[in-house]
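So the structure is just underneath, and the comments pick up after that.
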Amino acid sequence: LLSATGRVWNDIKGELDDKSEAEEGEPAEAAPVPTDELKKITKWLQHAVTKFSASAAVCDGPKDPALKSMSEELVKAFTAALGTLLSIRRGAGPSLRRELRDIAGGLAKAADSLGAAVGTPGMAVCAGQVLDRVKHFERVSGSNRAATRRKILTSLTQLRDASKELKEALQEKGSEAGGDSDDDLDLADSMCGEDELEPEERVVMDAVAVAVGILEELLKQASAACMPAQSSGAEPTPLP
């Protein structure tokens with residue numbers, strides 16, 4: 001029923017691929033698609049998915065005329081969404097191009113799965129997956145600055161998680177070495193599958209922890225540099 005979404009995606013996905021520097025031209029500064037337009041298409045998609053799912057739940061089968069009408073409406077909304085992503089593609093840098101490909105490909109895959117799930121117990125789950133991908137579409141970065149900052153923040157989050165785990169591991173090893181008996185340490189090592197850190201290993205781990213902290217600060221500065229300039233007294237612009 002929704003196989004047309006896959007065909008639309010196959011037709012335009014090459015336009016989202018990376019090209020040579022000469023073909024790409026200069027990255028755009030301003031968002032090429034107004035926020036209101038993005039919200040309008042998002043609501044259209046959400047409404048079309050909801051109507052299609054509701055109709056599919058009570059229809060007589062994939063050939064039901066009412067369901068066919070709902071599927072055509074969903075394909076139209078899907079096509080408009082991909083057209084919007086193509087508009088954002090103009091002047092997009094590497095981070096934004098990658099984000100656009102992920103959003104469009106994920107939406108196409110989810111829509112195709114929904115069409116294949118009509119009449120099956122898993123249809124509701126597939127509908128939820130499409131709506132989740134629509135949220136990704138709604139939150140698409142509107143500029144190269146936003147896409148780059150989002151990528152940096154993702155890396156920063158992963159780095160913070162790794163740094164937290166490293167510090168906890170070092171603290172646990174330190175407390176074990178300082179307060180537990182040899183029998184307790186042997187039992188802990190056998191349960192965790194890890195041996196106590198050697199002195200030279202701890203030196204390396206401490207150095208890694210310091211390096212991670214420095215890198216975290218650099219990523220914070222890079223993220224701040226991606227924020228648009230604010231006029232005096234203006235509120236910071238949130239990441240879309």
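If you're wondering about the labels, chains in the structure tokens are A, B, ... by order shown, residues count from 1 in each chain, ligands from 1 in order shown.
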Checklist entry - Which neighbours of range 160-165 of chain A fall inside 12 Å, counting only C-alpha atoms, when residues of the same chain fewer than 2 positions from it are skipped, and could you give them as a PyMOL selection string? => result chain A and resi 153-158+167-172+205-217+219-220
Would you save the residues from that selection as an mmCIF file, in the first residue's frame, using N, CA, C and O atoms?
```
data_model
loop_
_atom_site.group_PDB
_atom_site.id
_atom_site.type_symbol
_atom_site.label_atom_id
_atom_site.label_comp_id
_atom_site.auth_asym_id
_atom_site.auth_seq_id
_atom_site.Cartn_x
_atom_site.Cartn_y
_atom_site.Cartn_z
ATOM 1 N N LEU A 153 27.321 18.083 20.275
ATOM 2 C CA LEU A 153 26.647 17.772 21.536
ATOM 3 C C LEU A 153 26.455 16.266 21.715
ATOM 4 O O LEU A 153 26.544 15.751 22.829
ATOM 5 N N THR A 154 26.186 15.567 20.608
ATOM 6 C CA THR A 154 26.066 14.109 20.683
ATOM 7 C C THR A 154 27.391 13.487 21.112
ATOM 8 O O THR A 154 27.435 12.610 21.982
ATOM 9 N N SER A 155 28.479 13.962 20.503
ATOM 10 C CA SER A 155 29.807 13.467 20.865
ATOM 11 C C SER A 155 30.144 13.821 22.306
ATOM 12 O O SER A 155 30.746 13.022 23.039
ATOM 13 N N LEU A 156 29.739 15.017 22.730
ATOM 14 C CA LEU A 156 30.006 15.464 24.090
ATOM 15 C C LEU A 156 29.273 14.591 25.099
ATOM 16 O O LEU A 156 29.827 14.228 26.148
ATOM 17 N N THR A 157 28.043 14.229 24.806
ATOM 18 C CA THR A 157 27.270 13.356 25.693
ATOM 19 C C THR A 157 27.938 11.994 25.831
ATOM 20 O O THR A 157 28.068 11.451 26.935
ATOM 21 N N GLN A 158 28.366 11.428 24.705
ATOM 22 C CA GLN A 158 29.047 10.133 24.733
ATOM 23 C C GLN A 158 30.352 10.228 25.520
ATOM 24 O O GLN A 158 30.696 9.316 26.287
ATOM 25 N N LYS A 167 35.910 7.362 35.636
ATOM 26 C CA LYS A 167 36.151 7.867 36.993
ATOM 27 C C LYS A 167 35.600 6.915 38.044
ATOM 28 O O LYS A 167 36.238 6.675 39.072
ATOM 29 N N GLU A 168 34.411 6.353 37.786
ATOM 30 C CA GLU A 168 33.826 5.406 38.734
ATOM 31 C C GLU A 168 34.680 4.161 38.854
ATOM 32 O O GLU A 168 34.860 3.619 39.955
ATOM 33 N N ALA A 169 35.215 3.697 37.725
ATOM 34 C CA ALA A 169 36.065 2.508 37.751
ATOM 35 C C ALA A 169 37.331 2.759 38.549
ATOM 36 O O ALA A 169 37.764 1.915 39.351
ATOM 37 N N LEU A 170 37.922 3.940 38.360
ATOM 38 C CA LEU A 170 39.138 4.271 39.098
ATOM 39 C C LEU A 170 38.859 4.412 40.592
ATOM 40 O O LEU A 170 39.645 3.970 41.426
ATOM 41 N N GLN A 171 37.717 5.015 40.939
ATOM 42 C CA GLN A 171 37.360 5.175 42.349
ATOM 43 C C GLN A 171 37.097 3.830 43.003
ATOM 44 O O GLN A 171 37.500 3.581 44.136
ATOM 45 N N GLU A 172 36.421 2.937 42.259
ATOM 46 C CA GLU A 172 36.123 1.614 42.803
ATOM 47 C C GLU A 172 37.403 0.831 43.043
ATOM 48 O O GLU A 172 37.583 0.196 44.080
ATOM 49 N N MET A 205 45.575 5.246 33.020
ATOM 50 C CA MET A 205 44.149 5.545 33.179
ATOM 51 C C MET A 205 43.945 6.964 33.698
ATOM 52 O O MET A 205 43.046 7.678 33.242
ATOM 53 N N ASP A 206 44.789 7.383 34.630
ATOM 54 C CA ASP A 206 44.683 8.755 35.146
ATOM 55 C C ASP A 206 44.964 9.772 34.041
ATOM 56 O O ASP A 206 44.296 10.806 33.945
ATOM 57 N N ALA A 207 45.945 9.462 33.206
ATOM 58 C CA ALA A 207 46.279 10.366 32.099
ATOM 59 C C ALA A 207 45.133 10.438 31.090
ATOM 60 O O ALA A 207 44.819 11.508 30.561
ATOM 61 N N VAL A 208 44.514 9.291 30.836
ATOM 62 C CA VAL A 208 43.360 9.270 29.932
ATOM 63 C C VAL A 208 42.227 10.119 30.495
ATOM 64 O O VAL A 208 41.565 10.867 29.766
ATOM 65 N N ALA A 209 41.992 10.011 31.802
ATOM 66 C CA ALA A 209 40.930 10.791 32.435
ATOM 67 C C ALA A 209 41.177 12.288 32.277
ATOM 68 O O ALA A 209 40.256 13.065 32.015
ATOM 69 N N VAL A 210 42.438 12.707 32.419
ATOM 70 C CA VAL A 210 42.786 14.122 32.248
ATOM 71 C C VAL A 210 42.558 14.549 30.799
ATOM 72 O O VAL A 210 41.990 15.619 30.529
ATOM 73 N N ALA A 211 42.990 13.698 29.858
ATOM 74 C CA ALA A 211 42.824 14.026 28.439
ATOM 75 C C ALA A 211 41.352 14.128 28.069
ATOM 76 O O ALA A 211 40.948 15.012 27.298
ATOM 77 N N VAL A 212 40.544 13.239 28.626
ATOM 78 C CA VAL A 212 39.107 13.275 28.359
ATOM 79 C C VAL A 212 38.502 14.570 28.877
ATOM 80 O O VAL A 212 37.651 15.191 28.228
ATOM 81 N N GLY A 213 38.950 15.011 30.044
ATOM 82 C CA GLY A 213 38.452 16.270 30.591
ATOM 83 C C GLY A 213 38.794 17.454 29.710
ATOM 84 O O GLY A 213 37.970 18.354 29.500
ATOM 85 N N ILE A 214 40.020 17.465 29.184
ATOM 86 C CA ILE A 214 40.436 18.548 28.286
ATOM 87 C C ILE A 214 39.607 18.532 27.010
ATOM 88 O O ILE A 214 39.141 19.581 26.524
ATOM 89 N N LEU A 215 39.411 17.327 26.447
ATOM 90 C CA LEU A 215 38.624 17.213 25.221
ATOM 91 C C LEU A 215 37.185 17.650 25.449
ATOM 92 O O LEU A 215 36.568 18.295 24.586
ATOM 93 N N GLU A 216 36.662 17.350 26.621
ATOM 94 C CA GLU A 216 35.286 17.759 26.948
ATOM 95 C C GLU A 216 35.168 19.273 26.937
ATOM 96 O O GLU A 216 34.198 19.834 26.412
ATOM 97 N N GLU A 217 36.158 19.966 27.503
ATOM 98 C CA GLU A 217 36.141 21.424 27.518
ATOM 99 C C GLU A 217 36.235 21.987 26.099
ATOM 100 O O GLU A 217 35.576 22.975 25.760
ATOM 101 N N LEU A 219 35.184 20.554 23.353
ATOM 102 C CA LEU A 219 33.892 20.332 22.693
ATOM 103 C C LEU A 219 32.856 21.344 23.173
ATOM 104 O O LEU A 219 32.010 21.799 22.386
ATOM 105 N N LYS A 220 32.914 21.707 24.431
ATOM 106 C CA LYS A 220 32.005 22.732 24.948
ATOM 107 C C LYS A 220 32.239 24.056 24.224
ATOM 108 O O LYS A 220 31.297 24.752 23.844
#
```
Item to check | Atom-to-atom span, CA of Leu100 in chain A and CA of Val118 in chain A, Å | outcome: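 Rounded to one decimal, the two atoms are 27.7 Å apart.
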Item to check | Gap from CA of Lys135 in chain A to CA of Ala110 in chain A - Å, one decimal | outcome: 12.5 Å
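Proximity to Ser95 in chain A was assessed for A:Ala127, A:Ala4, A:Ile152, A:Leu166 counting only C-alpha atoms; the smallest distance is recorded for A:Ile152.
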Next on the checklist: Report as a PyMOL selection string all protein, DNA and RNA residues lying within 10 Å of Ala108 in chain A, evaluated on only C-alpha atoms, omitting residues in the same chain fewer than 2 positions from it.
Outcome noted: chain A and resi 2-10+78-79+82+102-106+110-114+130+133
Item to check | Which of A:Val203, A:Leu131, A:Leu159, A:Ala81 sits closest to Leu218 in chain A [using only C-alpha atoms] | outcome: A:Leu159
Next on the checklist: Ranking A:Leu107, A:Gln221, A:Pro65, A:Gly93 by minimum distance to Gln129 in chain A and counting only C-alpha atoms, which one comes first?
Outcome noted: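 Of all the options, A:Leu107 lies closest to Gln129 in chain A.
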Next on the checklist: Applying 12 Å and only C-alpha atoms, which residues near range 50-52 of chain A remain after dropping the ones on its own chain fewer than 6 positions away? List them as a PyMOL selection string.
Outcome noted: chain A and resi 1-2+43-44+58-59+62+64-75+77+111+114-115+117-118+123-124+126-131+134
Writer output for current selection, C-alpha atoms, as a PDB file, in the first residue's frame:
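Output file again-v6.pdb is given in full below:
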```
ATOM      1  CA  LEU A   1       0.000   0.000   0.000  1.00  0.00           C
ATOM      2  CA  LEU A   2       2.807   2.409   0.814  1.00  0.00           C
ATOM      3  CA  LYS A  43       1.255  18.097  11.196  1.00  0.00           C
ATOM      4  CA  TRP A  44       0.174  16.897   7.745  1.00  0.00           C
ATOM      5  CA  VAL A  58     -11.221  -1.352  10.519  1.00  0.00           C
ATOM      6  CA  CYS A  59     -10.949  -1.874   6.756  1.00  0.00           C
ATOM      7  CA  PRO A  62      -5.630  -3.707   1.532  1.00  0.00           C
ATOM      8  CA  ASP A  64     -10.566  -1.297   0.571  1.00  0.00           C
ATOM      9  CA  PRO A  65     -11.238   2.016  -1.318  1.00  0.00           C
ATOM     10  CA  ALA A  66     -11.177   4.036   1.911  1.00  0.00           C
ATOM     11  CA  LEU A  67      -7.780   2.654   2.844  1.00  0.00           C
ATOM     12  CA  LYS A  68      -6.454   3.322  -0.633  1.00  0.00           C
ATOM     13  CA  SER A  69      -7.505   6.959  -0.315  1.00  0.00           C
ATOM     14  CA  MET A  70      -5.737   7.236   3.049  1.00  0.00           C
ATOM     15  CA  SER A  71      -2.576   5.657   1.627  1.00  0.00           C
ATOM     16  CA  GLU A  72      -2.526   8.156  -1.254  1.00  0.00           C
ATOM     17  CA  GLU A  73      -2.818  11.020   1.226  1.00  0.00           C
ATOM     18  CA  LEU A  74       0.063   9.626   3.274  1.00  0.00           C
ATOM     19  CA  VAL A  75       2.239   9.258   0.173  1.00  0.00           C
ATOM     20  CA  ALA A  77       2.543  14.049   2.760  1.00  0.00           C
ATOM     21  CA  ALA A 111       6.544   4.074   6.093  1.00  0.00           C
ATOM     22  CA  LEU A 114       3.751   0.298   7.993  1.00  0.00           C
ATOM     23  CA  GLY A 115       2.293  -0.486   4.577  1.00  0.00           C
ATOM     24  CA  ALA A 117       2.076  -4.489   8.298  1.00  0.00           C
ATOM     25  CA  VAL A 118      -1.542  -3.707   7.373  1.00  0.00           C
ATOM     26  CA  MET A 123       0.644  -2.614  12.603  1.00  0.00           C
ATOM     27  CA  ALA A 124       0.219  -0.402  15.680  1.00  0.00           C
ATOM     28  CA  CYS A 126       4.846   0.182  12.919  1.00  0.00           C
ATOM     29  CA  ALA A 127       2.568   3.220  13.055  1.00  0.00           C
ATOM     30  CA  GLY A 128       4.327   4.334  16.229  1.00  0.00           C
ATOM     31  CA  GLN A 129       7.690   3.957  14.502  1.00  0.00           C
ATOM     32  CA  VAL A 130       6.549   6.186  11.645  1.00  0.00           C
ATOM     33  CA  LEU A 131       5.354   8.841  14.084  1.00  0.00           C
ATOM     34  CA  VAL A 134       8.173  12.189  11.920  1.00  0.00           C
TER      35      VAL A 134
END
```
Checklist entry - Per DSSP on the backbone, what are the alpha helix (DSSP H) residues of range 31-233 of chain A, as number ranges by chain? => result A: 35-58, 65-89, 94-116, 123-138, 144-179, 182-192, 199-225
Next on the checklist: Need the shell around Gly83 in chain A: protein/DNA/RNA residues with any atom at most 12 Å away, counting only C-alpha atoms. Skip same-chain ones fewer than 6 positions apart. Format as a PyMOL selection string?
Outcome noted: chain A and resi 8-9+11-13+15-16+33+37-38+41+76-77+89-90+100+104+137
Selection export as an mmCIF file, in the first residue's frame, atoms kept: C-alpha atoms:
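Once everything was written out, this is selection10.cif:
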```
data_model
loop_
_atom_site.group_PDB
_atom_site.id
_atom_site.type_symbol
_atom_site.label_atom_id
_atom_site.label_comp_id
_atom_site.auth_asym_id
_atom_site.auth_seq_id
_atom_site.Cartn_x
_atom_site.Cartn_y
_atom_site.Cartn_z
ATOM 1 C CA VAL A 8 9.974 8.307 -4.019
ATOM 2 C CA TRP A 9 12.930 7.789 -1.699
ATOM 3 C CA ASP A 11 14.234 8.672 -6.837
ATOM 4 C CA ILE A 12 15.590 11.451 -4.652
ATOM 5 C CA LYS A 13 18.157 9.868 -2.322
ATOM 6 C CA GLU A 15 20.261 14.228 -4.419
ATOM 7 C CA LEU A 16 21.158 13.969 -0.737
ATOM 8 C CA VAL A 33 12.895 26.485 4.924
ATOM 9 C CA GLU A 37 6.465 25.489 6.812
ATOM 10 C CA LEU A 38 8.255 22.661 8.568
ATOM 11 C CA ILE A 41 4.227 19.510 6.876
ATOM 12 C CA LYS A 76 1.531 12.904 -0.715
ATOM 13 C CA ALA A 77 2.543 14.049 2.760
ATOM 14 C CA ARG A 89 19.921 20.252 1.208
ATOM 15 C CA ARG A 90 20.848 23.320 -0.835
ATOM 16 C CA LEU A 100 19.120 14.764 6.101
ATOM 17 C CA ALA A 104 14.744 10.719 4.997
ATOM 18 C CA PHE A 137 11.794 15.239 10.707
#
```
